[in-house]
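Have a look at final.txt below; it lists compact mmCIF, C-alpha atoms.
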```txt
# COMPACT_ATOMS: atom_id res chain seq x y z
CA MET A 2 257.16 271.94 183.77
CA SER A 3 256.39 275.55 182.96
CA ASN A 4 252.96 276.21 181.55
CA TYR A 5 253.51 279.78 180.46
CA PHE A 6 255.50 280.86 177.41
CA ALA A 7 256.01 284.36 176.12
CA GLY A 8 256.43 284.86 172.40
CA VAL A 9 256.62 287.92 170.15
CA LYS A 10 253.04 288.05 168.92
CA ILE A 11 251.53 285.53 171.30
CA ASP A 12 251.65 284.11 174.78
CA LEU A 13 250.86 280.53 175.70
CA ARG A 14 249.22 279.92 179.05
CA GLN A 15 247.34 277.18 180.79
CA PHE A 16 243.59 277.07 180.21
CA GLU A 17 241.35 278.31 182.97
CA PRO A 18 237.70 277.45 183.68
CA GLU A 19 236.80 281.00 182.56
CA ASP A 20 237.94 280.14 179.01
CA GLN A 21 234.93 277.89 178.49
CA ALA A 22 232.88 280.26 176.32
CA GLU A 23 235.83 281.25 174.12
CA LEU A 24 236.91 277.64 173.77
CA ALA A 25 233.38 276.70 172.68
CA ARG A 26 233.60 279.37 169.98
CA ILE A 27 236.78 277.76 168.64
CA VAL A 28 235.86 274.10 169.01
CA ASN A 29 232.43 274.56 167.46
CA ASN A 30 233.73 276.53 164.48
CA PRO A 31 232.71 274.43 161.44
CA GLN A 32 236.16 274.88 159.91
CA PHE A 33 237.67 272.68 162.62
CA ARG A 34 235.36 269.71 162.34
CA GLY A 35 237.43 266.56 162.14
CA ARG A 36 240.64 268.27 163.24
CA ARG A 37 240.00 269.56 166.74
CA TYR A 38 242.38 267.21 168.59
CA LEU A 39 239.89 266.63 171.39
CA PRO A 40 240.29 263.98 174.08
CA TRP A 41 239.43 260.40 173.12
CA GLY A 42 235.69 259.78 173.23
CA GLN A 43 234.54 263.32 172.39
CA PRO A 44 232.71 263.75 169.07
CA ASP A 45 234.98 265.13 166.38
CA GLU A 46 232.34 266.25 163.89
CA LEU A 47 229.41 267.51 166.00
CA ASP A 48 229.15 270.68 168.06
CA LEU A 49 230.03 270.16 171.70
CA THR A 50 227.53 271.06 174.41
CA PRO A 51 228.57 273.37 177.28
CA GLN A 52 228.84 270.28 179.48
CA GLN A 53 231.17 268.60 176.99
CA ILE A 54 233.30 271.75 176.71
CA GLU A 55 233.52 271.86 180.50
CA ALA A 56 234.62 268.21 180.55
CA VAL A 57 237.28 268.86 177.88
CA LEU A 58 238.64 271.83 179.81
CA LYS A 59 238.77 269.86 183.05
CA GLN A 60 240.56 267.00 181.31
CA TRP A 61 243.10 269.36 179.72
CA ILE A 62 243.80 271.24 182.93
CA GLU A 63 244.28 268.03 184.92
CA ALA A 64 246.18 266.08 182.23
CA LYS A 65 249.50 264.49 183.14
CA ASN A 66 252.33 264.16 180.61
CA GLU A 67 250.43 266.53 178.34
CA LEU A 68 250.25 270.28 177.84
CA HIS A 69 247.13 271.91 176.42
CA LEU A 70 247.83 275.61 176.23
CA ALA A 71 245.73 278.58 175.24
CA ILE A 72 247.23 280.77 172.52
CA ILE A 73 246.66 284.42 173.46
CA ASP A 74 247.14 286.94 170.67
CA LYS A 75 248.88 289.87 172.36
CA ALA A 76 247.53 292.57 170.04
CA ALA A 77 243.93 291.39 170.23
CA GLY A 78 244.19 290.30 173.85
CA ARG A 79 242.08 287.22 173.29
CA LEU A 80 242.17 283.49 172.70
CA ALA A 81 243.40 282.72 169.18
CA GLY A 82 243.50 278.93 169.46
CA TYR A 83 245.30 276.19 171.35
CA VAL A 84 248.47 274.18 171.06
CA GLU A 85 249.09 270.76 172.53
CA PHE A 86 252.03 268.59 173.47
CA SER A 87 251.83 265.00 174.67
CA ASP A 88 254.47 262.49 175.71
CA GLU A 89 251.96 260.16 177.27
CA TRP A 90 253.37 256.97 175.73
CA ASP A 91 257.08 257.73 175.49
CA PRO A 92 258.95 260.97 176.26
CA HIS A 93 261.38 259.93 173.49
CA THR A 94 258.66 260.57 170.90
CA PRO A 95 256.03 263.14 171.87
CA SER A 96 253.43 264.62 169.56
CA VAL A 97 252.27 268.19 168.95
CA SER A 98 249.15 269.73 167.45
CA VAL A 99 247.68 273.20 167.00
CA VAL A 100 244.33 274.81 166.21
CA VAL A 101 244.23 278.51 165.20
CA MET A 102 241.05 280.52 164.67
CA PRO A 103 240.46 281.70 161.07
CA ASP A 104 240.89 285.40 161.89
CA PHE A 105 244.37 284.68 163.28
CA GLN A 106 245.54 282.37 160.49
CA SER A 107 248.27 283.42 158.01
CA ARG A 108 249.72 285.75 160.66
CA HIS A 109 252.36 283.32 161.98
CA VAL A 110 250.34 282.74 165.16
CA GLY A 111 250.40 278.96 164.61
CA THR A 112 254.08 279.00 163.62
CA GLU A 113 255.04 280.84 166.75
CA ALA A 114 252.86 278.68 168.99
CA VAL A 115 254.22 275.39 167.64
CA SER A 116 257.79 276.71 167.61
CA LEU A 117 257.48 277.67 171.27
CA ILE A 118 256.16 274.26 172.24
CA ILE A 119 258.83 272.40 170.23
CA GLN A 120 261.52 274.64 171.69
CA HIS A 121 260.20 273.80 175.15
CA CYS A 122 260.11 270.13 174.25
CA PHE A 123 263.74 269.92 173.09
CA ALA A 124 265.04 272.29 175.76
CA THR A 125 263.46 270.58 178.76
CA THR A 126 262.62 266.95 177.86
CA PRO A 127 264.60 264.00 176.43
CA ALA A 128 262.48 264.00 173.24
CA HIS A 129 264.28 262.89 170.09
CA CYS A 130 261.52 262.47 167.50
CA VAL A 131 258.49 264.77 167.58
CA THR A 132 255.48 263.71 165.53
CA CYS A 133 252.35 265.40 164.34
CA TRP A 134 249.22 263.77 163.02
CA VAL A 135 247.18 265.56 160.36
CA ALA A 136 244.02 264.44 158.58
CA GLY A 137 244.91 263.62 154.97
CA TRP A 138 242.28 266.06 153.65
CA ASN A 139 243.81 268.93 155.61
CA GLU A 140 246.27 270.18 152.98
CA ALA A 141 246.80 273.49 154.77
CA GLY A 142 247.71 271.65 157.97
CA LEU A 143 250.14 269.38 156.13
CA ASN A 144 251.87 272.29 154.42
CA PHE A 145 252.03 274.14 157.72
CA ALA A 146 253.78 271.17 159.39
CA ARG A 147 256.23 270.85 156.49
CA SER A 148 257.02 274.58 156.70
CA LEU A 149 258.17 274.00 160.29
CA GLY A 150 260.57 271.25 159.21
CA PHE A 151 258.42 268.18 159.74
CA LYS A 152 258.96 265.41 157.18
CA ASP A 153 256.38 263.01 155.81
CA ALA A 154 256.54 259.64 157.59
CA GLY A 155 253.56 257.97 155.91
CA CYS A 156 250.04 257.57 157.11
CA MET A 157 247.62 255.63 159.20
CA ARG A 158 245.34 254.33 156.49
CA ARG A 159 241.59 254.59 156.91
CA ALA A 160 241.67 256.70 160.07
CA GLY A 161 238.01 257.65 159.79
CA ILE A 162 235.06 258.44 157.56
CA ARG A 163 234.28 261.91 156.28
CA GLU A 164 231.68 262.98 153.73
CA GLY A 165 230.96 259.35 152.96
CA LYS A 166 234.57 258.40 152.25
CA TYR A 167 237.43 256.95 154.21
CA PHE A 168 240.32 259.26 154.95
CA ASP A 169 243.89 258.64 156.09
CA THR A 170 245.76 260.44 158.84
CA ARG A 171 249.15 261.62 157.63
CA ILE A 172 252.03 261.35 160.09
CA LEU A 173 255.03 263.70 160.03
CA ASP A 174 258.17 263.61 162.14
CA LEU A 175 260.93 265.97 163.15
CA LEU A 176 264.20 264.92 164.79
CA ARG A 177 266.06 266.86 167.45
CA PRO A 178 269.21 267.38 165.28
CA GLU A 179 267.05 268.65 162.41
CA TRP A 180 265.36 271.23 164.62
CA LYS A 181 268.72 272.27 166.02
CA GLN A 182 270.13 272.70 162.52
CA LEU A 183 267.10 274.73 161.43
CA HIS A 184 267.67 277.09 164.32
CA GLY A 185 271.38 277.68 163.98
CA GLY A 186 272.55 275.13 166.51
CA SER A 187 270.40 276.32 169.36
CA TYR A 188 266.93 275.51 170.58
CA GLY A 189 265.79 279.12 170.36
CA ALA A 190 262.56 279.78 168.49
CA MET B 18 232.18 228.52 166.60
CA ALA B 19 235.50 228.00 168.33
CA LEU B 20 238.36 230.27 167.42
CA GLU B 21 240.27 227.43 165.89
CA GLY B 22 242.90 227.23 163.18
CA ASN B 23 245.04 224.47 161.73
CA LEU B 24 247.55 224.52 164.58
CA VAL B 25 245.95 226.52 167.39
CA VAL B 26 242.85 227.16 169.42
CA LEU B 27 242.37 230.64 170.89
CA ARG B 28 240.64 230.63 174.25
CA GLU B 29 239.95 233.07 177.09
CA GLU B 30 242.54 233.80 179.77
CA ARG B 31 242.33 231.61 182.87
CA ALA B 32 243.88 231.83 186.31
CA GLU B 33 246.14 228.91 185.44
CA ASP B 34 247.83 231.05 182.73
CA ILE B 35 249.10 233.69 185.12
CA THR B 36 252.58 232.25 185.70
CA LEU B 37 253.20 231.87 181.99
CA LEU B 38 251.81 235.33 181.17
CA ALA B 39 254.14 236.98 183.69
CA GLY B 40 257.02 234.95 182.26
CA LEU B 41 256.32 236.15 178.73
CA ARG B 42 256.16 239.75 179.89
CA ASN B 43 259.46 239.40 181.75
CA ASP B 44 261.34 237.95 178.79
CA LEU B 45 263.19 240.74 176.98
CA ASP B 46 262.93 238.75 173.73
CA THR B 47 259.16 238.31 173.79
CA GLN B 48 258.04 241.82 174.70
CA ALA B 49 258.55 244.45 172.05
CA TRP B 50 258.46 247.77 173.86
CA SER B 51 261.00 249.10 176.33
CA MET B 52 258.36 251.43 177.79
CA THR B 53 256.78 248.40 179.49
CA LEU B 54 260.01 247.55 181.34
CA PRO B 55 261.41 246.61 183.86
CA PRO B 56 260.89 242.86 183.57
CA ASP B 57 259.79 242.46 187.18
CA TYR B 58 256.09 241.69 186.73
CA THR B 59 254.93 239.36 189.47
CA GLU B 60 252.29 236.66 189.39
CA GLU B 61 250.41 238.72 191.93
CA MET B 62 250.31 241.69 189.54
CA TYR B 63 248.96 239.47 186.79
CA ARG B 64 246.45 237.88 189.18
CA LYS B 65 245.17 241.37 189.98
CA ARG B 66 244.97 242.25 186.27
CA TYR B 67 243.03 239.03 185.72
CA SER B 68 240.62 239.36 188.66
CA GLU B 69 239.87 243.04 188.09
CA ARG B 70 238.59 242.51 184.58
CA ALA B 71 234.95 243.56 184.92
CA PHE B 72 232.01 241.97 183.15
CA SER B 73 230.57 244.11 180.36
CA TYR B 74 228.87 243.70 177.00
CA GLU B 75 230.53 246.94 175.89
CA ARG B 76 233.81 245.48 174.83
CA HIS B 77 236.74 247.44 173.50
CA ASP B 78 239.38 244.78 173.77
CA GLY B 79 239.81 241.03 173.49
CA ARG B 80 242.53 238.89 175.12
CA PHE B 81 243.17 235.34 174.09
CA ILE B 82 245.53 232.54 175.01
CA ILE B 83 247.09 230.73 172.05
CA THR B 84 247.00 227.01 172.75
CA GLU B 85 248.60 224.32 170.63
CA LYS B 86 245.73 222.37 169.14
CA THR B 87 247.18 218.88 169.55
CA THR B 88 248.47 219.25 173.12
CA GLY B 89 246.49 222.15 174.60
CA LYS B 90 249.81 223.64 175.62
CA PHE B 91 250.15 227.40 176.27
CA GLY B 92 251.88 228.97 173.27
CA GLY B 93 251.44 232.69 173.92
CA THR B 94 248.86 235.47 173.79
CA ILE B 95 247.10 237.43 171.09
CA SER B 96 244.86 240.41 171.70
CA TYR B 97 243.14 243.42 170.26
CA THR B 98 242.73 246.87 171.80
CA ASN B 99 241.49 250.35 170.86
CA LEU B 100 238.39 248.89 169.25
CA GLU B 101 236.24 251.40 167.41
CA PRO B 102 233.17 249.24 166.92
CA ARG B 103 232.56 248.17 163.32
CA PHE B 104 235.58 250.17 162.21
CA SER B 105 239.08 249.56 163.55
CA ALA B 106 241.25 247.94 166.20
CA THR B 107 244.90 247.25 166.97
CA ILE B 108 246.25 243.74 167.46
CA GLY B 109 249.29 242.46 169.35
CA ILE B 110 250.86 239.03 169.78
CA MET B 111 253.46 237.44 172.07
CA VAL B 112 254.61 233.86 171.45
CA ALA B 113 256.68 231.75 173.85
CA LYS B 114 260.18 231.21 172.48
CA GLU B 115 259.82 227.44 172.37
CA PHE B 116 257.14 227.96 169.69
CA TRP B 117 259.11 230.39 167.53
CA GLY B 118 259.24 229.06 163.98
CA SER B 119 256.46 226.55 164.62
CA GLY B 120 253.81 228.42 162.61
CA ILE B 121 251.46 228.99 165.54
CA ALA B 122 251.89 232.78 165.46
CA TYR B 123 250.71 233.00 161.85
CA ASP B 124 247.89 230.56 162.49
CA ALA B 125 246.74 232.49 165.59
CA GLN B 126 246.93 235.78 163.68
CA GLU B 127 244.81 234.35 160.86
CA VAL B 128 242.21 233.01 163.31
CA LEU B 129 241.94 236.37 165.04
CA LEU B 130 241.79 238.32 161.76
CA LYS B 131 238.96 236.15 160.47
CA PHE B 132 237.06 236.73 163.72
CA MET B 133 237.64 240.49 163.58
CA PHE B 134 236.59 240.91 159.95
CA GLN B 135 233.80 238.33 159.87
CA GLU B 136 232.29 238.78 163.34
CA LEU B 137 233.27 242.29 164.44
CA GLY B 138 232.85 243.74 160.95
CA LEU B 139 235.97 245.89 161.08
CA ARG B 140 237.16 247.97 158.12
CA VAL B 141 240.82 248.14 159.09
CA ILE B 142 243.14 246.41 161.54
CA ARG B 143 246.45 247.88 162.68
CA ILE B 144 249.67 246.69 164.27
CA TRP B 145 252.22 248.94 165.98
CA THR B 146 255.75 247.60 165.80
CA HIS B 147 259.26 248.84 165.02
CA SER B 148 262.12 248.17 162.65
CA GLY B 149 264.01 246.30 165.37
CA ASN B 150 261.36 243.60 165.35
CA PRO B 151 261.69 242.03 161.87
CA ARG B 152 259.87 238.87 163.00
CA ALA B 153 256.75 240.92 163.72
CA VAL B 154 257.00 242.80 160.40
CA LYS B 155 257.41 239.51 158.49
CA LEU B 156 254.54 237.88 160.37
CA ALA B 157 252.26 240.83 159.62
CA GLY B 158 253.28 240.77 155.97
CA ARG B 159 252.34 237.09 155.65
CA SER B 160 248.74 238.04 156.46
CA GLY B 161 248.74 240.95 154.01
CA PHE B 162 249.55 243.85 156.33
CA LYS B 163 251.47 246.76 154.81
CA VAL B 164 253.83 249.23 156.46
CA SER B 165 252.01 252.53 156.00
CA ALA B 166 254.10 254.82 158.20
CA ARG B 167 257.67 254.88 159.45
CA MET B 168 258.54 257.39 162.16
CA ARG B 169 262.28 257.77 162.13
CA GLN B 170 264.30 256.80 165.22
CA ALA B 171 261.14 256.96 167.33
CA VAL B 172 261.79 253.79 169.34
CA TYR B 173 264.70 253.14 171.67
CA LYS B 174 265.23 249.51 172.65
CA SER B 175 268.19 247.26 173.43
CA GLY B 176 270.59 250.17 173.06
CA GLU B 177 269.48 251.01 169.52
CA LEU B 178 267.24 253.52 167.79
CA PHE B 179 264.58 252.01 165.56
CA ASP B 180 261.83 253.39 163.36
CA ASN B 181 258.32 253.13 164.75
CA LEU B 182 256.07 251.41 162.21
CA VAL B 183 252.35 251.64 161.60
CA VAL B 184 251.30 248.48 159.82
CA ASP B 185 247.73 248.03 158.63
CA LEU B 186 245.41 245.75 156.71
CA LEU B 187 242.26 246.97 154.99
CA ARG B 188 239.14 244.87 154.87
CA GLU B 189 239.24 244.58 151.06
CA GLU B 190 242.89 243.49 151.15
CA TYR B 191 242.06 240.74 153.62
CA TYR B 192 239.16 239.37 151.57
CA ALA B 193 241.21 239.52 148.36
CA LEU B 194 243.69 237.16 150.03
CA HIS B 195 240.87 234.86 151.17
CA PRO B 196 238.71 234.03 148.13
CA GLU B 197 237.22 231.13 150.10
CA ILE B 198 235.14 233.61 152.13
CA VAL B 199 232.80 236.22 150.69
CA ASP B 200 232.53 239.70 152.14
CA LYS B 201 228.85 240.48 152.49
CA LEU B 202 229.34 243.79 154.27
CA PRO B 203 228.53 246.61 151.83
CA ALA B 204 231.44 248.86 150.95
CA ILE B 205 231.55 252.49 152.09
```
Could the structure of this file be written out as C-alpha cells, please?
Amino acid sequence: MSNYFAGVKIDLRQFEPEDQAELARIVNNPQFRGRRYLPWGQPDELDLTPQQIEAVLKQWIEAKNELHLAIIDKAAGRLAGYVEFSDEWDPHTPSVSVVVMPDFQSRHVGTEAVSLIIQHCFATTPAHCVTCWVAGWNEAGLNFARSLGFKDAGCMRRAGIREGKYFDTRILDLLRPEWKQLHGGSYGA
Amino acid sequence: MALEGNLVVLREERAEDITLLAGLRNDLDTQAWSMTLPPDYTEEMYRKRYSERAFSYERHDGRFIITEKTTGKFGGTISYTNLEPRFSATIGIMVAKEFWGSGIAYDAQEVLLKFMFQELGLRVIRIWTHSGNPRAVKLAGRSGFKVSARMRQAVYKSGELFDNLVVDLLREEYYALHPEIVDKLPAI
C-alpha cells in the first residue's frame, strides 16, 4: 500500500518522528477539541503532552489496516493537517477523516486530501461503502462531507458530553458507484 | 443479587461451556458477522480464550452464559463490550437455535439491560446489527432500542448486501418503559 500521494496543492506522506512538534501544534489547537480523531484512549478535549503526542505518532506510523497521513501544503512547505483511512473491521466498509489547520481551511486542502484518500481506497481496495463520522455540533465538518458526495446515514446518539450536554455523532456514507459517477466514470480525483 | 429474569439466569462462563460456545460460533445462523468467519473455531481456541482472561477490577467487558432457569441448560451467550464507564457500552447476544422463539433472548436482554442501567449507571447502550438480521432488530425493538443510523450496503453476508445498523437505547427511554423502577441518577 503506497503511503505517498501527490496532489495539485498538497502532498500526502507518512508521518515521521520529526513531525512531533508540528503535530502538537495541530492537535492542541483549541478549534479541534472533540474532533481530533485520535487513537482510542487518548483525551479528546485536553491538550496532549509531548509524551502523548509521541505515543500517537508511534501508533499511527505502526498501524496496520490504517493510513494516517500528513497533509503537506506545497506552497507553504509545511504540515497543514492530517487525513486518515481505516479498514480495520472490514475492508468492504472503511472510514475516512480529516483535520485541516485554520490557516489552510477554505482553500480546498481538505477536499483534495480526502479526495486523494478516497481515490486510493476505491482504486486499490475492495471497499464498497466509505463512511465518515462527524460530531453533530461540527456543522462545517458535516457540510464538508456532504460537499464531497457523502450522504447522511443517521447518527450514533449520545456519543459524548460537551459543554454540559450530550452530543450525537453523525454518520455519513458514500458508495463506490456514487463516487464513480461523481468523477465521470473513473476513480480520478 | 443474581442476574435472574423470568425465564433465565445469567452466569459467568465456565470451562464446561467451551464446546457449546464453539458450536454457536461455528453455526452460520447464530453468528451475525461474516468478518468472524470461517466457522472452524476449535474447542482448544475457546479454551485458550477462556483461560487467558486475566483478573482485573478494571473491567471493560462482561460475558455471560444464558441458562434456562428451570433446567439450568445452556441457551446461549450475552455480553457487553466497549464499556466507557458510567456512560456507554455495546451489547451482543447469540442464542442456540433450539431456544429460538422461546422468549429467553428477550428475557436475557432485559436482565442485562437492568444490570447495565441500574448497576453500571450507563447513559446509553448500543447494538450493532444489520438489515439481514431482522430477528436481532425485532428483539432490540422489544426492549425499546431505536435504529439511529443505517449505512447503506455496508455489510456483505450470505451472498447479499445489507445495511449496517446502529441501534441504541437511551437511559431515559429505558426507564420510561420500566415505571416499576425509579432512576435516581441525576440527569446531565
> Residues of chain A within 8 Å of chain B, using all atoms listed in the file, as an MDAnalysis selection string?
Replying inline: chainID A and resid 90:91 93:94 129:130 132 154:159 165:167 172:174 176
Please provide the set of residues having any atom within 12 Å of Glu55 (chain A), restricted to all atoms listed in the file, with same-chain residues fewer than 2 positions apart removed, written as a PDB file with C-alpha atoms, in the coordinates of the input.
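The result, stored in selection24.pdb:
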```pdb
ATOM      1  CA  PHE A  16     243.590 277.070 180.210  1.00  0.00           C
ATOM      2  CA  GLU A  17     241.350 278.310 182.970  1.00  0.00           C
ATOM      3  CA  PRO A  18     237.700 277.450 183.680  1.00  0.00           C
ATOM      4  CA  GLU A  19     236.800 281.000 182.560  1.00  0.00           C
ATOM      5  CA  ASP A  20     237.940 280.140 179.010  1.00  0.00           C
ATOM      6  CA  GLN A  21     234.930 277.890 178.490  1.00  0.00           C
ATOM      7  CA  ALA A  22     232.880 280.260 176.320  1.00  0.00           C
ATOM      8  CA  GLU A  23     235.830 281.250 174.120  1.00  0.00           C
ATOM      9  CA  LEU A  24     236.910 277.640 173.770  1.00  0.00           C
ATOM     10  CA  ALA A  25     233.380 276.700 172.680  1.00  0.00           C
ATOM     11  CA  VAL A  28     235.860 274.100 169.010  1.00  0.00           C
ATOM     12  CA  GLN A  43     234.540 263.320 172.390  1.00  0.00           C
ATOM     13  CA  LEU A  49     230.030 270.160 171.700  1.00  0.00           C
ATOM     14  CA  THR A  50     227.530 271.060 174.410  1.00  0.00           C
ATOM     15  CA  PRO A  51     228.570 273.370 177.280  1.00  0.00           C
ATOM     16  CA  GLN A  52     228.840 270.280 179.480  1.00  0.00           C
ATOM     17  CA  GLN A  53     231.170 268.600 176.990  1.00  0.00           C
ATOM     18  CA  VAL A  57     237.280 268.860 177.880  1.00  0.00           C
ATOM     19  CA  LEU A  58     238.640 271.830 179.810  1.00  0.00           C
ATOM     20  CA  LYS A  59     238.770 269.860 183.050  1.00  0.00           C
ATOM     21  CA  GLN A  60     240.560 267.000 181.310  1.00  0.00           C
ATOM     22  CA  TRP A  61     243.100 269.360 179.720  1.00  0.00           C
ATOM     23  CA  ILE A  62     243.800 271.240 182.930  1.00  0.00           C
TER      24      ILE A  62
END
```
> Hey, what's within 9 Å of Val100 (chain A) if we count all atoms listed in the file and toss same-chain stuff fewer than 4 positions away? As a ChimeraX atom specification, please?
Replying inline: /A:27-28,33,36-38,81-85,111
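Rounded to one decimal, CA of Gln120 (chain A) and CA of Gly176 (chain B) lie 26.1 Å from each other.
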>> Ranking A:Ser96, A:Ser148, A:Thr112, A:Asn29 by minimum distance to Pro44 (chain A) and counting only C-alpha atoms, which one comes first?
In response: A:Asn29
> Between B:Tyr74, B:Phe91, B:Tyr67, B:Trp145, which has the minimum distance to Leu27 (chain B) (counting all atoms listed in the file)?
Replying inline: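 Nearest to Leu27 (chain B): B:Phe91.
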Can you tell me, as a CSV table (one decimal) with C-alpha atoms, in the frame of the given file, what residues are no more than 8 Å from Thr59 (chain B) when counting only C-alpha atoms, ignoring any on the same chain fewer than 3 positions away?
```csv
chain,number,residue,atom,x,y,z
B,39,ALA,CA,254.1,237.0,183.7
B,62,MET,CA,250.3,241.7,189.5
B,63,TYR,CA,249.0,239.5,186.8
```
> Near Val154 (chain B), within 10 Å and counting only C-alpha atoms, which residues show up once chain neighbours fewer than 2 positions away are dropped, as a list in words?
Replying inline: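 Surrounding residues, per the criterion: Ile144, Trp145, Thr146, His147, Ser148, Gly149, Asn150, Pro151, Arg152, Leu156, Ala157, Gly158, Arg159, Phe162, Lys163, Val164, Leu182 and Val184 of chain B.
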>> Excluding Ile119 (chain A) and its own-chain neighbours fewer than 5 positions away, which residues fall within 12 Å of it when counting only C-alpha atoms? Please give them as a ChimeraX atom specification.
In response: /A:6,68,84-87,94-99,112-114,124-133,149-151,174-177,179-181,184,188-190
Would you output that residue set with C-alpha atoms, as a PDB file, in the coordinates of the input?
```
ATOM      1  CA  PHE A   6     255.500 280.860 177.410  1.00  0.00           C
ATOM      2  CA  LEU A  68     250.250 270.280 177.840  1.00  0.00           C
ATOM      3  CA  VAL A  84     248.470 274.180 171.060  1.00  0.00           C
ATOM      4  CA  GLU A  85     249.090 270.760 172.530  1.00  0.00           C
ATOM      5  CA  PHE A  86     252.030 268.590 173.470  1.00  0.00           C
ATOM      6  CA  SER A  87     251.830 265.000 174.670  1.00  0.00           C
ATOM      7  CA  THR A  94     258.660 260.570 170.900  1.00  0.00           C
ATOM      8  CA  PRO A  95     256.030 263.140 171.870  1.00  0.00           C
ATOM      9  CA  SER A  96     253.430 264.620 169.560  1.00  0.00           C
ATOM     10  CA  VAL A  97     252.270 268.190 168.950  1.00  0.00           C
ATOM     11  CA  SER A  98     249.150 269.730 167.450  1.00  0.00           C
ATOM     12  CA  VAL A  99     247.680 273.200 167.000  1.00  0.00           C
ATOM     13  CA  THR A 112     254.080 279.000 163.620  1.00  0.00           C
ATOM     14  CA  GLU A 113     255.040 280.840 166.750  1.00  0.00           C
ATOM     15  CA  ALA A 114     252.860 278.680 168.990  1.00  0.00           C
ATOM     16  CA  ALA A 124     265.040 272.290 175.760  1.00  0.00           C
ATOM     17  CA  THR A 125     263.460 270.580 178.760  1.00  0.00           C
ATOM     18  CA  THR A 126     262.620 266.950 177.860  1.00  0.00           C
ATOM     19  CA  PRO A 127     264.600 264.000 176.430  1.00  0.00           C
ATOM     20  CA  ALA A 128     262.480 264.000 173.240  1.00  0.00           C
ATOM     21  CA  HIS A 129     264.280 262.890 170.090  1.00  0.00           C
ATOM     22  CA  CYS A 130     261.520 262.470 167.500  1.00  0.00           C
ATOM     23  CA  VAL A 131     258.490 264.770 167.580  1.00  0.00           C
ATOM     24  CA  THR A 132     255.480 263.710 165.530  1.00  0.00           C
ATOM     25  CA  CYS A 133     252.350 265.400 164.340  1.00  0.00           C
ATOM     26  CA  LEU A 149     258.170 274.000 160.290  1.00  0.00           C
ATOM     27  CA  GLY A 150     260.570 271.250 159.210  1.00  0.00           C
ATOM     28  CA  PHE A 151     258.420 268.180 159.740  1.00  0.00           C
ATOM     29  CA  ASP A 174     258.170 263.610 162.140  1.00  0.00           C
ATOM     30  CA  LEU A 175     260.930 265.970 163.150  1.00  0.00           C
ATOM     31  CA  LEU A 176     264.200 264.920 164.790  1.00  0.00           C
ATOM     32  CA  ARG A 177     266.060 266.860 167.450  1.00  0.00           C
ATOM     33  CA  GLU A 179     267.050 268.650 162.410  1.00  0.00           C
ATOM     34  CA  TRP A 180     265.360 271.230 164.620  1.00  0.00           C
ATOM     35  CA  LYS A 181     268.720 272.270 166.020  1.00  0.00           C
ATOM     36  CA  HIS A 184     267.670 277.090 164.320  1.00  0.00           C
ATOM     37  CA  TYR A 188     266.930 275.510 170.580  1.00  0.00           C
ATOM     38  CA  GLY A 189     265.790 279.120 170.360  1.00  0.00           C
ATOM     39  CA  ALA A 190     262.560 279.780 168.490  1.00  0.00           C
TER      40      ALA A 190
END
```
> What does the distance from CA of Pro40 (chain A) to CA of Ala64 (chain A) come to in Å, to one decimal?
Replying inline: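 Taking CA of Pro40 (chain A) as the start and CA of Ala64 (chain A) as the end point, the length is 10.3 Å.
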> Distance CA of Glu61 (chain B)-CA of Thr47 (chain B), one decimal place?
Replying inline: 20.1 Å
>> Let me make sure I understand: among B:Leu139, B:Met133, B:Leu41, B:Ile83, which one has the smallest atom-to-atom distance to Ala113 (chain B) if we use all atoms listed in the file?
In response: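 Ranking B:Leu139, B:Met133, B:Leu41, B:Ile83 by distance to Ala113 (chain B), first place goes to B:Leu41.
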>> Using all atoms listed in the file, can you tell me which of A:Arg26, A:Asn66, A:Lys152, A:Arg14 comes closest to Ile54 (chain A)?
In response: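 The answer is A:Arg26, which sits nearest to Ile54 (chain A).
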>> Between A:Ser107, A:Gln32, A:Asn139, A:Gln15, which residue has the minimum interatomic distance to Ile73 (chain A), considering only C-alpha atoms?
In response: A:Gln15
>> Here's a test: counting only C-alpha atoms, identify every protein, DNA and RNA residue with an atom at most 9 Å from (259.7, 244.0, 184.3) in the file's coordinate frame, and state them as a list in words.
In response: Ala39, Arg42, Asn43, Asp44, Leu45, Thr53, Leu54, Pro55, Pro56, Asp57, Tyr58 and Thr59 of chain B
The centre and edge lengths of an axis-aligned box containing all atoms of region 168-185 of chain B present in the file, extended by 5 Å on each side, are to be given in Å to one decimal, as AutoDock Vina command-line options.
```
--center_x 259.2 --center_y 252.5 --center_z 166.0 --size_x 32.9 --size_y 20.5 --size_z 24.8
```
